[in-house]
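Enquirer: Dropping the structure in here first, questions after.
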Amino acid sequence: MITGAGGAICGMFAEKLAAAGGKVAVLDLNGEAAQKVADKITADGGTAKAYVANVLDRANLDQVHEQILADFGPCDVLINGAGGNNPRATTDNEFHYEAETIENCKTFFDLDKDGVEFVFALNWLGTLLPSQVFAADMIGRKGNILNIASMNAYTPLTKIPAYSGAKAAIVNFTQWLATYFAKSDIRVNAIAPGFFVGNQNRALLFKEDGTPTPRTEKILAGTPMGRFGELEELVGAVLFLINNDAAGFITGVCIPIDGGYAAYSGV
Ligand code: NAD
């Protein structure tokens with residue numbers, strides 16, 4: 001079961017897990033995107049099926065769960081991938097004093113309550129609800145839950161307080177749930193991706209002529225390896241953490257995959 005599997009990272013995880021022999025349920029709010037991923041897996045000889053699922057709608061998740069039980073049987077691995085930020089929960093300025101120099105600047109004082117709630121719900125509740133639904137299949141069957149945090153879970157990135165707080169909550173919840181299920185044969189872990197170039201953030205990272213934006217310069221200066229990650233570089237940690245032989249005594253951890261970003265003080 002992979003939520004947000006119509007997206008960049010989790011669509012790739014779906015392909016890699018199918019290539020490793022998994023039967024993959026591709027869940028996404030965007031049915032078309034989910035179908036595209038499932039079709040590609042099927043065309044490559046793997047087993048996958050797309051489901052329209054909203055990680056914030058418990059009734060819908062229960063319904064999808066019933067369909068998946070009929071199609072594939074009980075869930076062994078749940079990857080909670082749906083998540084993201086929203087402009088309504090993002091300030092225009094990094095530091096308050098900069099507001100004077102930015103036209104119509106959206107400051108901390110202007111953040112929209114509904115936008116903040118949306119981002120918190122999508123990332124935090126959107127991890128909790130699918131875990132409630134699909135972990136029920138895993139009790140006593142050596143199941144795995146894998147959550148997706150972010151660099152901003154450790155130190156908040158500028159401009160995005162709700163997204164940073166929600167991802168910090170994911171790390172905390174990973175530890176809580178790992179403890180809760182520790183004697184029930186369910187391991188719960190997380191990965192914290194560093195910086196990767198995707199379609200959704202390309203315009204923030206590179207100008208139209210391909211040169212780096214000031215934000216990219218800061219990111220690369222803060223990354224000891226001095227480069228962005230390749231999405232495929234996330235896969236090894238995923239395959240490791242959900243492997244009950246290789247990682248059978250590992251639960252409640254969050255692995256940074258970040259070229260050293262979280263380890264580096266900048267000095
Ligand atoms: P993406 O936007 O490409 O994919 C997210 C997917 O989630 C989309 O297909 C979207 O339709 C789906 N989605 C949104 N709301 C949903 C809902 N309510 N129910 C079900 N599906 C829903 O994003 P991505 O870059 O692939 O990110 C995947 C995960 O990795 C997210 O949790 C994100 O916060 C996290 N992450 C990404 C990066 C990065 O650099 N891209 C870094 C750190 C963490």
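Chains: A, B, ... in order of the structure tokens. Residues: from 1 per chain. Ligands: from 1, in order shown.
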Counting only C-alpha atoms, which residues of stretch 8-113 of chain A sit at most 12 Å from some atom of stretch 243-266 of chain A, and what is each one's closest atom pair with its distance in Å to one decimal, listed by chain and rising residue number, as a tab-separated table?
Expert:
```
residue	atom	partner	partner_atom	distance
A:Leu17	CA	A:Asn243	CA	11.5
A:Ala20	CA	A:Asn243	CA	11.4
A:Asp76	CA	A:Asn244	CA	10.9
A:Val77	CA	A:Asn243	CA	9.9
```
Enquirer: Give me a file of those residues, with N, CA, C and O atoms, as a tab-separated table (two decimals), in the first residue's frame.
Expert:
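File written: part04.tsv
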```tsv
chain	number	residue	atom	x	y	z
A	17	LEU	N	9.26	-1.23	-5.78
A	17	LEU	CA	8.73	-2.34	-4.98
A	17	LEU	C	8.11	-3.41	-5.88
A	17	LEU	O	8.23	-4.61	-5.61
A	20	ALA	N	10.76	-5.42	-7.29
A	20	ALA	CA	11.31	-6.36	-6.29
A	20	ALA	C	10.34	-7.50	-5.99
A	20	ALA	O	10.58	-8.30	-5.09
A	76	ASP	N	0.93	-5.96	3.90
A	76	ASP	CA	2.20	-6.27	4.59
A	76	ASP	C	3.02	-5.01	4.85
A	76	ASP	O	3.74	-4.93	5.84
A	77	VAL	N	2.95	-4.08	3.91
A	77	VAL	CA	3.77	-2.87	4.00
A	77	VAL	C	2.91	-1.66	3.65
A	77	VAL	O	2.22	-1.68	2.62
```
Enquirer: Residues within 8 Å of ligand 1 should be enumerated using only C-alpha atoms and all ligand atoms and returned as a PyMOL selection string.
Expert: chain A and resi 3-11+27-30+33-34+52-57+80-85+122-123+126+148-151+163+167+192-201
Enquirer: What's the separation between atom CA of A:Tyr97 and atom CA of A:Gly115, in Å to one decimal place?
Expert: 23.2 Å
Enquirer: Write out as a PyMOL selection string which residues come within 12 Å of A:Trp176 when counting only C-alpha atoms, dropping same-chain ones fewer than 2 positions away.
Expert: chain A and resi 128+169-174+178-182+187-189+251-253
Enquirer: So, with only C-alpha atoms as the atoms that count, which of A:Phe13, A:Trp124, A:Phe95, A:Phe240 lies closest to A:Leu157?
Expert: A:Phe95
Enquirer: Rank nothing, just name the residue among A:Ala221, A:Val64, A:Ala168, A:Leu205 nearest to A:Asn147, using only C-alpha atoms.
Expert: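 Smallest separation from A:Asn147 among the options: A:Ala168.
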Enquirer: Given the choices A:Thr216, A:Gln63, A:Ser131, A:Thr158, which gets closest to A:Asn93 if the distance is worked out from only C-alpha atoms?
Expert: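 For A:Asn93, the nearest of the candidates is A:Thr158.
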Enquirer: Using DSSP assignments from the backbone, pull out every residue in stretch 25-261 of chain A that falls under strand (DSSP E) and give it to me as an MDAnalysis selection string.
Expert: chainID A and resid 25:28 47:52 77:80 143:148 186:193 254:257
